[in-house]
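File shown: input32.csv. Contents: CSV, C-alpha atoms and all ligand atoms.
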chain,number,residue,atom,x,y,z
A,1,MET,CA,-20.8,-47.3,135.4
A,2,ASN,CA,-22.1,-50.7,134.2
A,3,ILE,CA,-23.1,-53.2,136.9
A,4,LEU,CA,-23.1,-56.9,136.0
A,5,GLU,CA,-25.0,-59.0,138.5
A,6,GLY,CA,-27.2,-62.1,138.4
A,7,LYS,CA,-30.9,-62.2,139.4
A,8,ILE,CA,-32.0,-64.9,141.9
A,9,ALA,CA,-34.6,-66.2,139.4
A,10,LEU,CA,-34.7,-69.3,137.3
A,11,ARG,CA,-36.6,-69.8,134.0
A,12,GLY,CA,-37.7,-73.3,134.8
A,13,GLU,CA,-35.6,-74.8,132.0
A,14,GLU,CA,-32.3,-75.2,134.0
A,15,TRP,CA,-31.0,-78.6,135.0
A,16,VAL,CA,-29.4,-78.5,138.5
A,17,ALA,CA,-27.7,-81.2,140.6
A,18,ILE,CA,-27.3,-81.3,144.3
A,19,ILE,CA,-24.4,-83.5,145.5
A,20,VAL,CA,-24.8,-84.2,149.1
A,21,SER,CA,-23.0,-86.4,151.6
A,22,ARG,CA,-24.8,-88.9,153.8
A,23,PHE,CA,-22.4,-88.6,156.7
A,24,ASN,CA,-24.2,-86.7,159.5
A,25,HIS,CA,-27.4,-87.2,157.4
A,26,ILE,CA,-29.5,-85.7,160.2
A,27,ILE,CA,-27.9,-82.4,159.2
A,28,THR,CA,-27.5,-82.9,155.5
A,29,ASP,CA,-31.1,-84.0,155.0
A,30,ARG,CA,-32.1,-80.5,156.3
A,31,LEU,CA,-29.6,-78.8,154.0
A,32,VAL,CA,-31.1,-80.6,151.0
A,33,GLU,CA,-34.6,-79.5,152.1
A,34,GLY,CA,-33.4,-75.9,152.3
A,35,ALA,CA,-31.8,-76.1,148.9
A,36,ARG,CA,-34.9,-77.7,147.3
A,37,ASP,CA,-37.0,-74.9,148.9
A,38,SER,CA,-34.9,-72.2,147.4
A,39,PHE,CA,-34.9,-73.9,144.0
A,40,VAL,CA,-38.7,-74.2,143.9
A,41,ARG,CA,-39.3,-70.7,145.3
A,42,HIS,CA,-37.1,-69.1,142.7
A,43,GLY,CA,-38.8,-70.7,139.7
A,44,GLY,CA,-37.1,-74.0,139.3
A,45,ASN,CA,-38.8,-77.1,137.8
A,46,GLU,CA,-38.4,-79.8,140.4
A,47,GLU,CA,-38.3,-82.5,137.6
A,48,ARG,CA,-35.0,-80.9,136.6
A,49,LEU,CA,-33.5,-81.1,140.1
A,50,ASP,CA,-31.3,-84.2,140.7
A,51,VAL,CA,-30.1,-85.1,144.1
A,52,ILE,CA,-26.9,-87.2,144.1
A,53,PHE,CA,-25.8,-88.9,147.3
A,54,VAL,CA,-22.2,-89.7,148.2
A,55,PRO,CA,-20.9,-91.4,151.4
A,56,GLY,CA,-19.0,-88.5,152.9
A,57,ALA,CA,-17.8,-85.0,152.1
A,58,TYR,CA,-14.4,-86.4,151.1
A,59,GLU,CA,-16.0,-88.0,148.1
A,60,ILE,CA,-17.9,-84.9,146.9
A,61,PRO,CA,-15.0,-83.6,144.6
A,62,PHE,CA,-14.6,-86.9,142.8
A,63,VAL,CA,-18.3,-87.2,142.0
A,64,LEU,CA,-18.5,-83.5,141.2
A,65,ASP,CA,-15.9,-84.0,138.5
A,66,ARG,CA,-18.0,-86.7,136.8
A,67,VAL,CA,-21.2,-84.7,137.2
A,68,LEU,CA,-19.7,-81.6,135.6
A,69,ALA,CA,-18.1,-83.7,132.8
A,70,SER,CA,-21.5,-85.3,132.0
A,71,GLY,CA,-22.6,-82.0,130.4
A,72,LYS,CA,-26.1,-82.6,131.7
A,73,TYR,CA,-26.2,-79.8,134.3
A,74,ASP,CA,-26.3,-76.0,134.2
A,75,ALA,CA,-25.2,-75.8,137.8
A,76,VAL,CA,-24.2,-77.9,140.8
A,77,CYS,CA,-24.8,-77.3,144.5
A,78,THR,CA,-22.6,-79.2,146.9
A,79,LEU,CA,-23.8,-79.9,150.4
A,80,GLY,CA,-22.2,-81.7,153.4
A,81,ALA,CA,-21.6,-81.5,157.1
A,82,ILE,CA,-18.1,-82.0,158.6
A,83,ILE,CA,-18.2,-81.9,162.3
A,84,ARG,CA,-15.0,-81.8,164.3
A,85,GLY,CA,-16.0,-83.9,167.3
A,86,SER,CA,-12.9,-85.6,168.7
A,87,THR,CA,-11.2,-87.0,165.6
A,88,PRO,CA,-8.3,-85.5,163.6
A,89,HIS,CA,-10.2,-86.9,160.5
A,90,PHE,CA,-12.0,-83.5,160.5
A,91,ASP,CA,-8.9,-81.6,159.3
A,92,TYR,CA,-8.2,-84.0,156.5
A,93,VAL,CA,-11.8,-84.4,155.3
A,94,SER,CA,-12.5,-80.6,155.4
A,95,ALA,CA,-9.2,-79.7,153.7
A,96,GLU,CA,-9.7,-82.2,150.9
A,97,ALA,CA,-13.4,-81.4,150.4
A,98,THR,CA,-12.8,-77.7,150.3
A,99,LYS,CA,-9.8,-77.8,148.0
A,100,GLY,CA,-11.2,-80.6,145.9
A,101,ILE,CA,-14.5,-78.8,145.2
A,102,ALA,CA,-12.6,-75.5,144.3
A,103,ASN,CA,-10.1,-77.2,142.1
A,104,THR,CA,-12.7,-79.2,140.3
A,105,THR,CA,-14.9,-76.2,139.7
A,106,LEU,CA,-12.0,-74.4,138.1
A,107,LYS,CA,-11.8,-77.1,135.4
A,108,TYR,CA,-15.3,-76.4,134.0
A,109,ASP,CA,-17.3,-73.4,132.9
A,110,ILE,CA,-20.3,-74.3,135.1
A,111,PRO,CA,-21.4,-72.6,138.3
A,112,VAL,CA,-20.9,-74.6,141.5
A,113,THR,CA,-21.6,-73.5,145.1
A,114,PHE,CA,-20.2,-74.7,148.4
A,115,GLY,CA,-22.7,-75.6,151.0
A,116,VAL,CA,-20.5,-77.8,153.1
A,117,LEU,CA,-20.7,-77.0,156.8
A,118,THR,CA,-17.5,-77.2,158.8
A,119,THR,CA,-18.4,-76.9,162.5
A,120,GLU,CA,-16.8,-77.5,165.9
A,121,ASN,CA,-19.8,-79.5,167.1
A,122,ILE,CA,-23.3,-80.8,166.3
A,123,GLU,CA,-25.0,-77.8,167.9
A,124,GLN,CA,-23.3,-75.4,165.5
A,125,ALA,CA,-24.3,-77.7,162.6
A,126,ILE,CA,-28.0,-77.7,163.8
A,127,GLU,CA,-28.0,-73.9,164.0
A,128,ARG,CA,-27.0,-73.7,160.3
A,129,ALA,CA,-29.4,-76.4,159.1
A,130,GLY,CA,-32.7,-74.7,159.5
A,131,SER,CA,-32.6,-73.1,163.0
A,132,LYS,CA,-30.9,-70.0,164.6
A,133,VAL,CA,-28.4,-69.2,161.8
A,134,GLY,CA,-30.7,-70.1,158.9
A,135,ASN,CA,-30.2,-72.9,156.4
A,136,LYS,CA,-26.9,-73.0,154.5
A,137,GLY,CA,-28.5,-75.3,152.0
A,138,PHE,CA,-31.0,-72.6,151.1
A,139,GLU,CA,-28.2,-70.1,150.9
A,140,ALA,CA,-26.0,-72.3,148.7
A,141,MET,CA,-28.8,-72.9,146.2
A,142,SER,CA,-29.8,-69.2,146.2
A,143,GLY,CA,-26.2,-68.2,145.5
A,144,LEU,CA,-26.1,-70.8,142.7
A,145,ILE,CA,-29.2,-69.4,141.1
A,146,GLU,CA,-27.6,-66.0,141.1
A,147,LEU,CA,-24.5,-67.4,139.5
A,148,ILE,CA,-26.5,-69.1,136.7
A,149,ASP,CA,-27.9,-65.8,135.7
A,150,LEU,CA,-24.6,-64.0,136.1
A,151,TYR,CA,-22.9,-66.6,133.8
A,152,ARG,CA,-25.4,-65.7,131.1
A,153,LYS,CA,-24.0,-62.2,130.9
A,154,PHE,CA,-20.4,-63.0,129.7
A,201,LIG,N1,-17.4,-87.2,156.4
A,201,LIG,C1,-18.3,-86.1,156.5
A,201,LIG,O1,-19.0,-85.8,155.5
A,201,LIG,N2,-18.3,-85.4,157.7
A,201,LIG,C2,-17.6,-85.7,158.7
A,201,LIG,O2,-17.7,-85.1,159.8
A,201,LIG,C3,-16.7,-86.8,158.6
A,201,LIG,N3,-15.8,-87.2,159.8
A,201,LIG,O3,-15.8,-86.5,160.8
A,201,LIG,O4,-15.1,-88.2,159.7
A,201,LIG,C4,-16.6,-87.5,157.4
A,201,LIG,N4,-15.8,-88.6,157.3
A,201,LIG,C5,-16.0,-89.6,156.2
A,201,LIG,C6,-15.2,-89.2,154.9
A,201,LIG,O5,-15.9,-88.1,154.3
A,201,LIG,C7,-15.2,-90.3,153.9
A,201,LIG,O6,-16.5,-90.7,153.5
A,201,LIG,C8,-14.5,-91.6,154.5
A,201,LIG,O7,-13.2,-91.3,155.0
A,201,LIG,C9,-14.4,-92.7,153.4
A,201,LIG,O8,-13.6,-92.2,152.3

In structure tokens, write the structure found in this file.
Ligand code: INI
Amino acid sequence: MNILEGKIALRGEEWVAIIVSRFNHIITDRLVEGARDSFVRHGGNEERLDVIFVPGAYEIPFVLDRVLASGKYDAVCTLGAIIRGSTPHFDYVSAEATKGIANTTLKYDIPVTFGVLTTENIEQAIERAGSKVGNKGFEAMSGLIELIDLYRKF
């Protein structure tokens, strides 16, 4: 049996972009910090890590398309925080962001991970941004690093 899997280790030569939404920035700032932490801990060169800000999660797919088309990056980590609160906007924004990121990713042969939180309330978001339930930014970057190595294998 042959097992194909990626190592969570960078060579220091990879260019990686984080696309992050400013909406609910108290949360998304923490996700960026977690992602940066994972990147550095796993051997990334911080001078090759670009952080690209967009207004809200709805805009992530459009900017993702441009970023992937640029050819500059080996991989892209998307981060955001969509919190239901009391507005129906949540359903539209989360559906478009999720679908948009997946559809855009399928157009390119470049790894992309999804670190966009979709939570019922701010407490659940805080739990996933560096407290009780870990940091989803760290997880999204760690998954991305694994994919970078996996993509080298075929
Ligand atoms: N954007 C988010 O990133 N998170 C949210 O929770 C959110 N809510 O709830 O409205 C949100 N809305 C803004 C949206 O992403 C766009 O930026 C806006 O509609 C302008 O296009």

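Going from atom CA of A:Arg41 to atom CA of A:Gly100 covers 29.8 Å.
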
For this session: Identify the residues within 9 Å of coordinate (-24.6, -62.9, 138.3) (same frame as the file), considering only C-alpha atoms, and give the answer as a ChimeraX atom specification.
Result: /A:4-8,145-153

Exercise. From the set A:Ala75, A:Val40, A:Ala81, A:Val67, which residue has the shortest atom-to-atom contact distance to ligand LIG 201 (chain A), counting only C-alpha atoms and all ligand atoms?
Worked result: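 So, comparing all the options, the nearest one is A:Ala81.
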
For this session: Please identify all polymer residues within 12 Å of A:Gly130, counting only C-alpha atoms, omitting same-chain residues fewer than 3 positions from it, and present them as a count of residues only.
Result: 23

Exercise. What is the distance between atom CA of A:Tyr108 and atom CA of A:Glu46, in Å to one decimal?
Worked result: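 We find that atom CA of A:Tyr108 and atom CA of A:Glu46 lie 24.2 Å from each other.
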
Problem set entry | Distance criterion (only C-alpha atoms): nearest to A:Leu49 out of A:Asp91, A:Glu13, A:Glu96, A:Glu120 |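 Of A:Asp91, A:Glu13, A:Glu96, A:Glu120, the one nearest A:Leu49, counting only C-alpha atoms, is A:Glu13.
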
Quick one: residues within 12 Å of ligand LIG 201 (chain A), with all atoms listed in the file, as a CSV table (one decimal) with C-alpha atoms, in the coordinates of the input?
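This is the output file result.csv:
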chain,number,residue,atom,x,y,z
A,19,ILE,CA,-24.4,-83.5,145.5
A,20,VAL,CA,-24.8,-84.2,149.1
A,21,SER,CA,-23.0,-86.4,151.6
A,22,ARG,CA,-24.8,-88.9,153.8
A,23,PHE,CA,-22.4,-88.6,156.7
A,24,ASN,CA,-24.2,-86.7,159.5
A,25,HIS,CA,-27.4,-87.2,157.4
A,26,ILE,CA,-29.5,-85.7,160.2
A,27,ILE,CA,-27.9,-82.4,159.2
A,28,THR,CA,-27.5,-82.9,155.5
A,53,PHE,CA,-25.8,-88.9,147.3
A,54,VAL,CA,-22.2,-89.7,148.2
A,55,PRO,CA,-20.9,-91.4,151.4
A,56,GLY,CA,-19.0,-88.5,152.9
A,57,ALA,CA,-17.8,-85.0,152.1
A,58,TYR,CA,-14.4,-86.4,151.1
A,59,GLU,CA,-16.0,-88.0,148.1
A,60,ILE,CA,-17.9,-84.9,146.9
A,61,PRO,CA,-15.0,-83.6,144.6
A,62,PHE,CA,-14.6,-86.9,142.8
A,78,THR,CA,-22.6,-79.2,146.9
A,79,LEU,CA,-23.8,-79.9,150.4
A,80,GLY,CA,-22.2,-81.7,153.4
A,81,ALA,CA,-21.6,-81.5,157.1
A,82,ILE,CA,-18.1,-82.0,158.6
A,83,ILE,CA,-18.2,-81.9,162.3
A,84,ARG,CA,-15.0,-81.8,164.3
A,85,GLY,CA,-16.0,-83.9,167.3
A,86,SER,CA,-12.9,-85.6,168.7
A,87,THR,CA,-11.2,-87.0,165.6
A,88,PRO,CA,-8.3,-85.5,163.6
A,89,HIS,CA,-10.2,-86.9,160.5
A,90,PHE,CA,-12.0,-83.5,160.5
A,91,ASP,CA,-8.9,-81.6,159.3
A,92,TYR,CA,-8.2,-84.0,156.5
A,93,VAL,CA,-11.8,-84.4,155.3
A,94,SER,CA,-12.5,-80.6,155.4
A,95,ALA,CA,-9.2,-79.7,153.7
A,96,GLU,CA,-9.7,-82.2,150.9
A,97,ALA,CA,-13.4,-81.4,150.4
A,98,THR,CA,-12.8,-77.7,150.3
A,115,GLY,CA,-22.7,-75.6,151.0
A,116,VAL,CA,-20.5,-77.8,153.1
A,117,LEU,CA,-20.7,-77.0,156.8
A,118,THR,CA,-17.5,-77.2,158.8
A,119,THR,CA,-18.4,-76.9,162.5
A,120,GLU,CA,-16.8,-77.5,165.9
A,121,ASN,CA,-19.8,-79.5,167.1
A,122,ILE,CA,-23.3,-80.8,166.3
A,125,ALA,CA,-24.3,-77.7,162.6

For this session: Using atom CA of A:Glu47 and atom CA of A:Ala9 as the two end points, give the distance in Å to one decimal.
Result: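 It comes out at 16.8 Å.
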
For this session: Compile the contact shell of A:Val112 as an MDAnalysis selection string: residues with an atom at most 7 Å away, counting only C-alpha atoms, same-chain residues fewer than 5 positions apart removed.
Result: chainID A and resid 75:77 105 144

Exercise. Given the choices A:Met1, A:Met141, A:Thr113, A:Ala129, which gets closest to A:Leu64 if the distance is worked out from all atoms listed in the file?
Worked result: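 Using all atoms listed in the file, A:Leu64 sits closest to A:Thr113.
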
Exercise. Which polymer residues have any atom within 12 Å of an atom of A:Lys72, counting all atoms listed in the file, with same-chain residues fewer than 3 positions away left out, as a list in words?
Worked result: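 Residues near the query, excluding close chain neighbours: Glu14, Trp15, Val16, Ala17, Arg48, Leu49, Asp50, Arg66, Val67, Leu68, Ala69, Ala75, Val76 and Ile110 of chain A.
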
Grab stretch 58-77 of chain A from that structure and dump N, CA and C atoms to a file, as a tab-separated table (two decimals), in the first residue's frame.
chain	number	residue	atom	x	y	z
A	58	TYR	N	-18.05	38.38	2.18
A	58	TYR	CA	-18.67	38.32	0.85
A	58	TYR	C	-17.65	38.63	-0.24
A	59	GLU	N	-16.70	39.51	0.05
A	59	GLU	CA	-15.73	39.94	-0.96
A	59	GLU	C	-14.55	38.97	-1.10
A	60	ILE	N	-14.41	38.02	-0.20
A	60	ILE	CA	-13.23	37.13	-0.25
A	60	ILE	C	-13.09	36.42	-1.61
A	61	PRO	N	-14.17	35.82	-2.16
A	61	PRO	CA	-14.00	35.07	-3.42
A	61	PRO	C	-13.51	35.92	-4.58
A	62	PHE	N	-13.96	37.17	-4.65
A	62	PHE	CA	-13.58	38.02	-5.79
A	62	PHE	C	-12.09	38.35	-5.72
A	63	VAL	N	-11.64	38.64	-4.52
A	63	VAL	CA	-10.22	38.96	-4.36
A	63	VAL	C	-9.38	37.68	-4.49
A	64	LEU	N	-9.92	36.57	-3.99
A	64	LEU	CA	-9.22	35.28	-4.13
A	64	LEU	C	-8.93	34.99	-5.60
A	65	ASP	N	-9.90	35.24	-6.47
A	65	ASP	CA	-9.72	34.99	-7.89
A	65	ASP	C	-8.53	35.79	-8.43
A	66	ARG	N	-8.46	37.07	-8.08
A	66	ARG	CA	-7.35	37.91	-8.56
A	66	ARG	C	-6.02	37.44	-8.00
A	67	VAL	N	-6.04	37.06	-6.73
A	67	VAL	CA	-4.80	36.63	-6.06
A	67	VAL	C	-4.28	35.34	-6.71
A	68	LEU	N	-5.18	34.40	-6.98
A	68	LEU	CA	-4.75	33.14	-7.60
A	68	LEU	C	-4.29	33.38	-9.03
A	69	ALA	N	-4.98	34.27	-9.74
A	69	ALA	CA	-4.62	34.56	-11.14
A	69	ALA	C	-3.27	35.27	-11.23
A	70	SER	N	-2.85	35.94	-10.18
A	70	SER	CA	-1.59	36.70	-10.20
A	70	SER	C	-0.38	35.80	-10.41
A	71	GLY	N	-0.50	34.53	-10.00
A	71	GLY	CA	0.61	33.59	-10.15
A	71	GLY	C	1.72	33.79	-9.13
A	72	LYS	N	1.54	34.72	-8.20
A	72	LYS	CA	2.61	35.02	-7.24
A	72	LYS	C	2.68	33.99	-6.10
A	73	TYR	N	1.53	33.38	-5.79
A	73	TYR	CA	1.47	32.61	-4.54
A	73	TYR	C	1.43	31.09	-4.75
A	74	ASP	N	2.06	30.39	-3.81
A	74	ASP	CA	2.02	28.93	-3.80
A	74	ASP	C	0.77	28.42	-3.11
A	75	ALA	N	0.14	29.26	-2.29
A	75	ALA	CA	-1.03	28.83	-1.55
A	75	ALA	C	-1.70	30.04	-0.91
A	76	VAL	N	-3.01	29.90	-0.64
A	76	VAL	CA	-3.78	31.01	-0.07
A	76	VAL	C	-4.67	30.51	1.07
A	77	CYS	N	-4.63	31.24	2.18
A	77	CYS	CA	-5.44	30.91	3.34
A	77	CYS	C	-6.52	31.98	3.46
